[in-house]
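First up is the structure itself, then whatever we jot down about it.
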There are 2 protein chains.
Amino acid sequence: MSQQLNAFFAAVSDPTRRAVVERLASGSATVSELAAPHPIALPTFMRHLKVLEDSGIVRSVKKGRVRTCHIEAEPLIAAQGWLAWQREIWEGRLDRLEALALQVDAADKGETDVT
Amino acid sequence: MSQQLNAFFAAVSDPTRRAVVERLASGSATVSELAAPHPIALPTFMRHLKVLEDSGIVRSVKKGRVRTCHIEAEPLIAAQGWLAWQREIWEGRLDRLEALALQVDAADKGETDVT
């Protein structure tokens, strides 16, 4: 799980690789189709694709001379789950701080009323 | 925005740095408190902390000799937003594929009924 998150987050820390994920989210595509919008050398693009495949978020199938890629949702869902979990803990803490602040306010007001 | 995502995803692609984010999600902590659970040299730990600060997810304040760190939610929310967006596109496509499959099924059934 931790290894998968390492690989997934490293994979999507590059804008070219994120663009490939964005493209594949809306449907499978061949390597040529994926490479076309990127003004970089094909071997460089292939290295990006390899990082995505190694991280498990992209899978590809070769049929004759054409390699078609698709997205695997599981690593994406796991990464989103980790982020959502951090946010929940963090927002839960804010809620508790707010409740505490209200208590302190109420106590202060109580004191002011008495004096 | 893209730069922020690059830095955020690279920052959380390391398990030590993710552990720091997990710890800070539940409350501020001093550098010593953050470093304590990690069996690595302090300079190595400080380099991890610097990556987290550079990515904007961790901020720190020095008071006397004690540096206290806290989490900044904004980069985390942006990253979660990007993942949620990919997932939405991807799941929307699955829904459309399913609808299409049902149509094809219905058409097949129609043909079978006729012949």
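Just remember, in the structure tokens the first chain shown is A, the second B, etc., residues are 1-based per chain, and ligands are 1-based in the order shown.
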Backbone-only DSSP, helix (DSSP H, G or I) members of segment 28-81 of chain A, as a PyMOL selection string: chain A and resi 31-35+42-54+73-81
In chain B, DSSP strand (DSSP E or B) residues written as a ChimeraX atom specification: /B:29-30,58-63,66-71
Expected answer as a PyMOL selection string: chain A residues within 12 Å of chain B, only C-alpha atoms: chain A and resi 1-28+55+57+70-97
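Distances from A:Val31, A:Met46, A:Ala36, A:Leu52 to Arg65 of chain A were compared using only C-alpha atoms, and the smallest one belongs to A:Val31.
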Chain A in the frame of chain B after full C-alpha superposition, as an mmCIF file with N, CA and C atoms, in the first residue's frame:
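New file selection01.cif:
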data_model
loop_
_atom_site.group_PDB
_atom_site.id
_atom_site.type_symbol
_atom_site.label_atom_id
_atom_site.label_comp_id
_atom_site.auth_asym_id
_atom_site.auth_seq_id
_atom_site.Cartn_x
_atom_site.Cartn_y
_atom_site.Cartn_z
ATOM 1 N N MET A 1 -0.687 26.576 -10.499
ATOM 2 C CA MET A 1 -1.511 25.422 -10.130
ATOM 3 C C MET A 1 -0.786 24.116 -10.481
ATOM 4 N N SER A 2 -0.292 24.040 -11.746
ATOM 5 C CA SER A 2 0.411 22.840 -12.179
ATOM 6 C C SER A 2 1.692 22.655 -11.355
ATOM 7 N N GLN A 3 2.410 23.764 -11.150
ATOM 8 C CA GLN A 3 3.645 23.751 -10.345
ATOM 9 C C GLN A 3 3.349 23.279 -8.926
ATOM 10 N N GLN A 4 2.235 23.777 -8.385
ATOM 11 C CA GLN A 4 1.862 23.404 -7.023
ATOM 12 C C GLN A 4 1.579 21.899 -6.937
ATOM 13 N N LEU A 5 0.879 21.373 -7.950
ATOM 14 C CA LEU A 5 0.590 19.934 -7.973
ATOM 15 C C LEU A 5 1.875 19.127 -8.116
ATOM 16 N N ASN A 6 2.793 19.578 -8.997
ATOM 17 C CA ASN A 6 4.097 18.895 -9.133
ATOM 18 C C ASN A 6 4.748 18.761 -7.765
ATOM 19 N N ALA A 7 4.856 19.900 -7.076
ATOM 20 C CA ALA A 7 5.574 19.943 -5.797
ATOM 21 C C ALA A 7 4.841 19.135 -4.725
ATOM 22 N N PHE A 8 3.513 19.242 -4.720
ATOM 23 C CA PHE A 8 2.754 18.517 -3.699
ATOM 24 C C PHE A 8 2.894 17.008 -3.880
ATOM 25 N N PHE A 9 2.664 16.532 -5.120
ATOM 26 C CA PHE A 9 2.713 15.077 -5.350
ATOM 27 C C PHE A 9 4.128 14.536 -5.106
ATOM 28 N N ALA A 10 5.156 15.300 -5.519
ATOM 29 C CA ALA A 10 6.535 14.851 -5.265
ATOM 30 C C ALA A 10 6.773 14.774 -3.745
ATOM 31 N N ALA A 11 6.236 15.759 -3.016
ATOM 32 C CA ALA A 11 6.445 15.801 -1.555
ATOM 33 C C ALA A 11 5.836 14.575 -0.875
ATOM 34 N N VAL A 12 4.641 14.181 -1.293
ATOM 35 C CA VAL A 12 3.974 13.067 -0.609
ATOM 36 C C VAL A 12 4.295 11.702 -1.238
ATOM 37 N N SER A 13 5.282 11.669 -2.163
ATOM 38 C CA SER A 13 5.667 10.383 -2.755
ATOM 39 C C SER A 13 6.670 9.632 -1.881
ATOM 40 N N ASP A 14 6.980 10.208 -0.713
ATOM 41 C CA ASP A 14 7.937 9.571 0.212
ATOM 42 C C ASP A 14 7.227 9.206 1.515
ATOM 43 N N PRO A 15 7.438 7.968 2.016
ATOM 44 C CA PRO A 15 6.698 7.522 3.208
ATOM 45 C C PRO A 15 7.008 8.328 4.474
ATOM 46 N N THR A 16 8.262 8.781 4.643
ATOM 47 C CA THR A 16 8.591 9.600 5.821
ATOM 48 C C THR A 16 7.815 10.918 5.760
ATOM 49 N N ARG A 17 7.791 11.517 4.580
ATOM 50 C CA ARG A 17 7.079 12.797 4.441
ATOM 51 C C ARG A 17 5.576 12.616 4.609
ATOM 52 N N ARG A 18 5.045 11.483 4.123
ATOM 53 C CA ARG A 18 3.608 11.242 4.336
ATOM 54 C C ARG A 18 3.318 11.066 5.820
ATOM 55 N N ALA A 19 4.234 10.405 6.537
ATOM 56 C CA ALA A 19 4.036 10.218 7.985
ATOM 57 C C ALA A 19 4.013 11.576 8.698
ATOM 58 N N VAL A 20 4.838 12.522 8.241
ATOM 59 C CA VAL A 20 4.849 13.867 8.839
ATOM 60 C C VAL A 20 3.512 14.564 8.577
ATOM 61 N N VAL A 21 3.011 14.429 7.357
ATOM 62 C CA VAL A 21 1.708 15.036 7.019
ATOM 63 C C VAL A 21 0.615 14.418 7.895
ATOM 64 N N GLU A 22 0.653 13.077 8.035
ATOM 65 C CA GLU A 22 -0.350 12.384 8.868
ATOM 66 C C GLU A 22 -0.294 12.899 10.305
ATOM 67 N N ARG A 23 0.941 13.081 10.817
ATOM 68 C CA ARG A 23 1.094 13.568 12.190
ATOM 69 C C ARG A 23 0.556 14.995 12.332
ATOM 70 N N LEU A 24 0.885 15.850 11.351
ATOM 71 C CA LEU A 24 0.484 17.258 11.443
ATOM 72 C C LEU A 24 -1.010 17.462 11.186
ATOM 73 N N ALA A 25 -1.632 16.507 10.483
ATOM 74 C CA ALA A 25 -3.074 16.635 10.236
ATOM 75 C C ALA A 25 -3.823 16.681 11.561
ATOM 76 N N SER A 26 -3.289 15.983 12.573
ATOM 77 C CA SER A 26 -3.999 15.969 13.851
ATOM 78 C C SER A 26 -3.513 17.038 14.822
ATOM 79 N N GLY A 27 -2.618 17.929 14.372
ATOM 80 C CA GLY A 27 -2.214 19.047 15.231
ATOM 81 C C GLY A 27 -0.772 19.482 15.014
ATOM 82 N N SER A 28 -0.484 20.755 15.344
ATOM 83 C CA SER A 28 0.877 21.284 15.199
ATOM 84 C C SER A 28 1.862 20.470 16.037
ATOM 85 N N ALA A 29 3.129 20.502 15.645
ATOM 86 C CA ALA A 29 4.155 19.784 16.401
ATOM 87 C C ALA A 29 5.502 20.456 16.193
ATOM 88 N N THR A 30 6.386 20.321 17.171
ATOM 89 C CA THR A 30 7.737 20.861 17.011
ATOM 90 C C THR A 30 8.543 19.918 16.119
ATOM 91 N N VAL A 31 9.663 20.432 15.610
ATOM 92 C CA VAL A 31 10.521 19.614 14.757
ATOM 93 C C VAL A 31 10.997 18.370 15.510
ATOM 94 N N SER A 32 11.349 18.521 16.794
ATOM 95 C CA SER A 32 11.812 17.354 17.569
ATOM 96 C C SER A 32 10.705 16.314 17.692
ATOM 97 N N GLU A 33 9.494 16.773 17.959
ATOM 98 C CA GLU A 33 8.362 15.839 18.060
ATOM 99 C C GLU A 33 8.143 15.104 16.737
ATOM 100 N N LEU A 34 8.268 15.855 15.628
ATOM 101 C CA LEU A 34 8.053 15.244 14.314
ATOM 102 C C LEU A 34 9.146 14.234 13.985
ATOM 103 N N ALA A 35 10.390 14.572 14.363
ATOM 104 C CA ALA A 35 11.534 13.723 14.011
ATOM 105 C C ALA A 35 11.577 12.450 14.852
ATOM 106 N N ALA A 36 11.100 12.540 16.110
ATOM 107 C CA ALA A 36 11.254 11.447 17.080
ATOM 108 C C ALA A 36 10.914 10.045 16.554
ATOM 109 N N PRO A 37 9.764 9.846 15.867
ATOM 110 C CA PRO A 37 9.424 8.464 15.485
ATOM 111 C C PRO A 37 10.255 7.918 14.327
ATOM 112 N N HIS A 38 11.100 8.760 13.718
ATOM 113 C CA HIS A 38 11.790 8.317 12.500
ATOM 114 C C HIS A 38 13.253 7.948 12.761
ATOM 115 N N PRO A 39 13.610 6.684 12.491
ATOM 116 C CA PRO A 39 14.973 6.211 12.769
ATOM 117 C C PRO A 39 15.951 6.659 11.684
ATOM 118 N N ILE A 40 15.992 7.964 11.442
ATOM 119 C CA ILE A 40 16.938 8.496 10.447
ATOM 120 C C ILE A 40 17.685 9.668 11.067
ATOM 121 N N ALA A 41 18.838 10.010 10.479
ATOM 122 C CA ALA A 41 19.645 11.126 10.999
ATOM 123 C C ALA A 41 18.862 12.430 10.890
ATOM 124 N N LEU A 42 19.081 13.338 11.855
ATOM 125 C CA LEU A 42 18.330 14.596 11.873
ATOM 126 C C LEU A 42 18.508 15.403 10.575
ATOM 127 N N PRO A 43 19.759 15.505 10.041
ATOM 128 C CA PRO A 43 19.889 16.275 8.788
ATOM 129 C C PRO A 43 19.043 15.694 7.640
ATOM 130 N N THR A 44 18.946 14.354 7.613
ATOM 131 C CA THR A 44 18.104 13.705 6.592
ATOM 132 C C THR A 44 16.645 14.088 6.820
ATOM 133 N N PHE A 45 16.229 14.031 8.092
ATOM 134 C CA PHE A 45 14.855 14.400 8.412
ATOM 135 C C PHE A 45 14.583 15.856 8.034
ATOM 136 N N MET A 46 15.552 16.734 8.323
ATOM 137 C CA MET A 46 15.386 18.160 8.004
ATOM 138 C C MET A 46 15.235 18.380 6.501
ATOM 139 N N ARG A 47 15.920 17.552 5.710
ATOM 140 C CA ARG A 47 15.770 17.676 4.251
ATOM 141 C C ARG A 47 14.348 17.301 3.820
ATOM 142 N N HIS A 48 13.790 16.259 4.464
ATOM 143 C CA HIS A 48 12.395 15.887 4.170
ATOM 144 C C HIS A 48 11.458 17.052 4.534
ATOM 145 N N LEU A 49 11.734 17.652 5.692
ATOM 146 C CA LEU A 49 10.888 18.756 6.159
ATOM 147 C C LEU A 49 10.966 19.936 5.188
ATOM 148 N N LYS A 50 12.171 20.171 4.666
ATOM 149 C CA LYS A 50 12.354 21.267 3.711
ATOM 150 C C LYS A 50 11.531 21.018 2.437
ATOM 151 N N VAL A 51 11.519 19.770 1.962
ATOM 152 C CA VAL A 51 10.727 19.439 0.764
ATOM 153 C C VAL A 51 9.248 19.735 1.042
ATOM 154 N N LEU A 52 8.794 19.369 2.238
ATOM 155 C CA LEU A 52 7.394 19.619 2.606
ATOM 156 C C LEU A 52 7.106 21.114 2.687
ATOM 157 N N GLU A 53 8.058 21.872 3.261
ATOM 158 C CA GLU A 53 7.861 23.337 3.353
ATOM 159 C C GLU A 53 7.880 23.960 1.955
ATOM 160 N N ASP A 54 8.822 23.523 1.118
ATOM 161 C CA ASP A 54 8.921 24.078 -0.238
ATOM 162 C C ASP A 54 7.653 23.801 -1.051
ATOM 163 N N SER A 55 7.010 22.682 -0.778
ATOM 164 C CA SER A 55 5.799 22.334 -1.529
ATOM 165 C C SER A 55 4.584 23.084 -1.003
ATOM 166 N N GLY A 56 4.734 23.786 0.128
ATOM 167 C CA GLY A 56 3.646 24.603 0.670
ATOM 168 C C GLY A 56 2.700 23.866 1.587
ATOM 169 N N ILE A 57 2.904 22.546 1.758
ATOM 170 C CA ILE A 57 1.940 21.826 2.608
ATOM 171 C C ILE A 57 2.275 21.961 4.088
ATOM 172 N N VAL A 58 3.544 22.257 4.397
ATOM 173 C CA VAL A 58 3.914 22.473 5.803
ATOM 174 C C VAL A 58 4.464 23.890 5.968
ATOM 175 N N ARG A 59 4.042 24.565 7.034
ATOM 176 C CA ARG A 59 4.600 25.867 7.384
ATOM 177 C C ARG A 59 5.180 25.744 8.792
ATOM 178 N N SER A 60 6.211 26.556 9.069
ATOM 179 C CA SER A 60 6.761 26.492 10.418
ATOM 180 C C SER A 60 7.041 27.888 10.947
ATOM 181 N N VAL A 61 6.980 27.995 12.264
ATOM 182 C CA VAL A 61 7.249 29.265 12.940
ATOM 183 C C VAL A 61 8.301 28.987 14.004
ATOM 184 N N LYS A 62 9.328 29.848 14.066
ATOM 185 C CA LYS A 62 10.373 29.658 15.069
ATOM 186 C C LYS A 62 10.132 30.635 16.215
ATOM 187 N N LYS A 63 10.135 30.106 17.429
ATOM 188 C CA LYS A 63 9.945 30.930 18.626
ATOM 189 C C LYS A 63 11.089 30.545 19.555
ATOM 190 N N GLY A 64 12.022 31.457 19.752
ATOM 191 C CA GLY A 64 13.219 31.120 20.528
ATOM 192 C C GLY A 64 13.974 30.029 19.797
ATOM 193 N N ARG A 65 14.243 28.910 20.476
ATOM 194 C CA ARG A 65 14.985 27.827 19.816
ATOM 195 C C ARG A 65 14.081 26.725 19.292
ATOM 196 N N VAL A 66 12.766 26.936 19.433
ATOM 197 C CA VAL A 66 11.835 25.869 19.037
ATOM 198 C C VAL A 66 11.092 26.228 17.751
ATOM 199 N N ARG A 67 11.168 25.326 16.775
ATOM 200 C CA ARG A 67 10.424 25.520 15.523
ATOM 201 C C ARG A 67 9.185 24.633 15.548
ATOM 202 N N THR A 68 8.016 25.283 15.396
ATOM 203 C CA THR A 68 6.760 24.522 15.401
ATOM 204 C C THR A 68 6.181 24.484 13.990
ATOM 205 N N CYS A 69 5.736 23.299 13.592
ATOM 206 C CA CYS A 69 5.211 23.113 12.230
ATOM 207 C C CYS A 69 3.700 22.901 12.254
ATOM 208 N N HIS A 70 3.065 23.354 11.197
ATOM 209 C CA HIS A 70 1.642 23.056 11.020
ATOM 210 C C HIS A 70 1.367 22.786 9.549
ATOM 211 N N ILE A 71 0.195 22.237 9.309
ATOM 212 C CA ILE A 71 -0.176 21.873 7.943
ATOM 213 C C ILE A 71 -0.948 23.017 7.291
ATOM 214 N N GLU A 72 -0.786 23.148 5.979
ATOM 215 C CA GLU A 72 -1.599 24.088 5.198
ATOM 216 C C GLU A 72 -2.535 23.240 4.351
ATOM 217 N N ALA A 73 -3.828 23.466 4.459
ATOM 218 C CA ALA A 73 -4.769 22.569 3.778
ATOM 219 C C ALA A 73 -4.844 22.802 2.275
ATOM 220 N N GLU A 74 -4.576 23.991 1.820
ATOM 221 C CA GLU A 74 -4.860 24.350 0.421
ATOM 222 C C GLU A 74 -4.206 23.414 -0.618
ATOM 223 N N PRO A 75 -2.887 23.120 -0.522
ATOM 224 C CA PRO A 75 -2.304 22.224 -1.529
ATOM 225 C C PRO A 75 -2.931 20.826 -1.487
ATOM 226 N N LEU A 76 -3.268 20.372 -0.286
ATOM 227 C CA LEU A 76 -3.897 19.058 -0.115
ATOM 228 C C LEU A 76 -5.270 19.038 -0.793
ATOM 229 N N ILE A 77 -6.025 20.120 -0.602
ATOM 230 C CA ILE A 77 -7.354 20.213 -1.201
ATOM 231 C C ILE A 77 -7.242 20.266 -2.734
ATOM 232 N N ALA A 78 -6.241 21.013 -3.234
ATOM 233 C CA ALA A 78 -6.046 21.109 -4.684
ATOM 234 C C ALA A 78 -5.702 19.744 -5.278
ATOM 235 N N ALA A 79 -4.826 18.997 -4.602
ATOM 236 C CA ALA A 79 -4.417 17.675 -5.094
ATOM 237 C C ALA A 79 -5.597 16.714 -5.076
ATOM 238 N N GLN A 80 -6.367 16.766 -3.996
ATOM 239 C CA GLN A 80 -7.529 15.893 -3.895
ATOM 240 C C GLN A 80 -8.535 16.242 -4.999
ATOM 241 N N GLY A 81 -8.648 17.534 -5.282
ATOM 242 C CA GLY A 81 -9.552 17.995 -6.344
ATOM 243 C C GLY A 81 -9.144 17.438 -7.696
ATOM 244 N N TRP A 82 -7.833 17.421 -7.965
ATOM 245 C CA TRP A 82 -7.370 16.898 -9.259
ATOM 246 C C TRP A 82 -7.718 15.415 -9.381
ATOM 247 N N LEU A 83 -7.461 14.657 -8.304
ATOM 248 C CA LEU A 83 -7.751 13.221 -8.326
ATOM 249 C C LEU A 83 -9.249 12.963 -8.468
ATOM 250 N N ALA A 84 -10.049 13.754 -7.733
ATOM 251 C CA ALA A 84 -11.504 13.571 -7.778
ATOM 252 C C ALA A 84 -12.021 13.853 -9.192
ATOM 253 N N TRP A 85 -11.418 14.854 -9.832
ATOM 254 C CA TRP A 85 -11.801 15.236 -11.196
ATOM 255 C C TRP A 85 -11.528 14.083 -12.160
ATOM 256 N N GLN A 86 -10.331 13.460 -12.070
ATOM 257 C CA GLN A 86 -9.991 12.327 -12.952
ATOM 258 C C GLN A 86 -10.969 11.189 -12.739
ATOM 259 N N ARG A 87 -11.279 10.961 -11.456
ATOM 260 C CA ARG A 87 -12.154 9.837 -11.129
ATOM 261 C C ARG A 87 -13.562 10.068 -11.676
ATOM 262 N N GLU A 88 -14.003 11.323 -11.588
ATOM 263 C CA GLU A 88 -15.335 11.671 -12.104
ATOM 264 C C GLU A 88 -15.421 11.428 -13.603
ATOM 265 N N ILE A 89 -14.388 11.892 -14.336
ATOM 266 C CA ILE A 89 -14.371 11.700 -15.793
ATOM 267 C C ILE A 89 -14.391 10.209 -16.096
ATOM 268 N N TRP A 90 -13.543 9.474 -15.365
ATOM 269 C CA TRP A 90 -13.390 8.045 -15.601
ATOM 270 C C TRP A 90 -14.694 7.306 -15.288
ATOM 271 N N GLU A 91 -15.313 7.650 -14.160
ATOM 272 C CA GLU A 91 -16.542 6.955 -13.782
ATOM 273 C C GLU A 91 -17.700 7.372 -14.682
ATOM 274 N N GLY A 92 -17.695 8.624 -15.147
ATOM 275 C CA GLY A 92 -18.697 9.087 -16.100
ATOM 276 C C GLY A 92 -18.627 8.278 -17.380
ATOM 277 N N ARG A 93 -17.387 7.974 -17.806
ATOM 278 C CA ARG A 93 -17.197 7.191 -19.016
ATOM 279 C C ARG A 93 -17.724 5.764 -18.828
ATOM 280 N N LEU A 94 -17.453 5.189 -17.622
ATOM 281 C CA LEU A 94 -17.954 3.843 -17.336
ATOM 282 C C LEU A 94 -19.481 3.815 -17.391
ATOM 283 N N ASP A 95 -20.104 4.878 -16.838
ATOM 284 C CA ASP A 95 -21.573 4.945 -16.859
ATOM 285 C C ASP A 95 -22.082 4.949 -18.297
ATOM 286 N N ARG A 96 -21.391 5.736 -19.154
ATOM 287 C CA ARG A 96 -21.818 5.817 -20.556
ATOM 288 C C ARG A 96 -21.626 4.470 -21.256
ATOM 289 N N LEU A 97 -20.495 3.792 -20.925
ATOM 290 C CA LEU A 97 -20.231 2.476 -21.525
ATOM 291 C C LEU A 97 -21.311 1.483 -21.110
ATOM 292 N N GLU A 98 -21.709 1.570 -19.827
ATOM 293 C CA GLU A 98 -22.721 0.656 -19.305
ATOM 294 C C GLU A 98 -24.060 0.896 -20.014
ATOM 295 N N ALA A 99 -24.405 2.181 -20.179
ATOM 296 C CA ALA A 99 -25.645 2.535 -20.868
ATOM 297 C C ALA A 99 -25.623 1.991 -22.292
ATOM 298 N N LEU A 100 -24.470 2.118 -22.931
ATOM 299 C CA LEU A 100 -24.290 1.629 -24.305
ATOM 300 C C LEU A 100 -24.448 0.108 -24.346
ATOM 301 N N ALA A 101 -23.839 -0.568 -23.357
ATOM 302 C CA ALA A 101 -23.911 -2.027 -23.297
ATOM 303 C C ALA A 101 -25.367 -2.467 -23.151
ATOM 304 N N LEU A 102 -26.135 -1.735 -22.337
ATOM 305 C CA LEU A 102 -27.550 -2.072 -22.141
ATOM 306 C C LEU A 102 -28.316 -1.914 -23.449
ATOM 307 N N GLN A 103 -27.990 -0.811 -24.191
ATOM 308 C CA GLN A 103 -28.642 -0.576 -25.489
ATOM 309 C C GLN A 103 -28.340 -1.711 -26.450
ATOM 310 N N VAL A 104 -27.039 -2.129 -26.484
ATOM 311 C CA VAL A 104 -26.625 -3.207 -27.383
ATOM 312 C C VAL A 104 -27.354 -4.490 -26.998
ATOM 313 N N ASP A 105 -27.430 -4.765 -25.696
ATOM 314 C CA ASP A 105 -28.138 -5.949 -25.195
ATOM 315 C C ASP A 105 -29.588 -5.928 -25.667
ATOM 316 N N ALA A 106 -30.228 -4.774 -25.474
ATOM 317 C CA ALA A 106 -31.637 -4.634 -25.832
ATOM 318 C C ALA A 106 -31.819 -4.865 -27.330
ATOM 319 N N ALA A 107 -30.886 -4.296 -28.131
ATOM 320 C CA ALA A 107 -30.964 -4.449 -29.585
ATOM 321 C C ALA A 107 -30.798 -5.924 -29.965
ATOM 322 N N ASP A 108 -29.832 -6.603 -29.315
ATOM 323 C CA ASP A 108 -29.589 -8.029 -29.581
ATOM 324 C C ASP A 108 -30.840 -8.834 -29.275
ATOM 325 N N LYS A 109 -31.451 -8.526 -28.138
ATOM 326 C CA LYS A 109 -32.642 -9.244 -27.697
ATOM 327 C C LYS A 109 -33.766 -9.032 -28.716
ATOM 328 N N GLY A 110 -33.892 -7.773 -29.156
ATOM 329 C CA GLY A 110 -34.891 -7.426 -30.165
ATOM 330 C C GLY A 110 -34.726 -8.286 -31.399
ATOM 331 N N GLU A 111 -33.476 -8.396 -31.848
ATOM 332 C CA GLU A 111 -33.181 -9.200 -33.035
ATOM 333 C C GLU A 111 -33.548 -10.661 -32.827
ATOM 334 N N THR A 112 -33.158 -11.177 -31.615
ATOM 335 C CA THR A 112 -33.421 -12.584 -31.315
ATOM 336 C C THR A 112 -34.923 -12.854 -31.338
ATOM 337 N N ASP A 113 -35.687 -11.907 -30.790
ATOM 338 C CA ASP A 113 -37.136 -12.090 -30.728
ATOM 339 C C ASP A 113 -37.742 -12.166 -32.131
ATOM 340 N N VAL A 114 -37.177 -11.361 -33.038
ATOM 341 C CA VAL A 114 -37.734 -11.282 -34.392
ATOM 342 C C VAL A 114 -37.437 -12.566 -35.178
ATOM 343 N N THR A 115 -36.175 -13.055 -35.048
ATOM 344 C CA THR A 115 -35.813 -14.245 -35.838
ATOM 345 C C THR A 115 -36.391 -15.517 -35.238
#
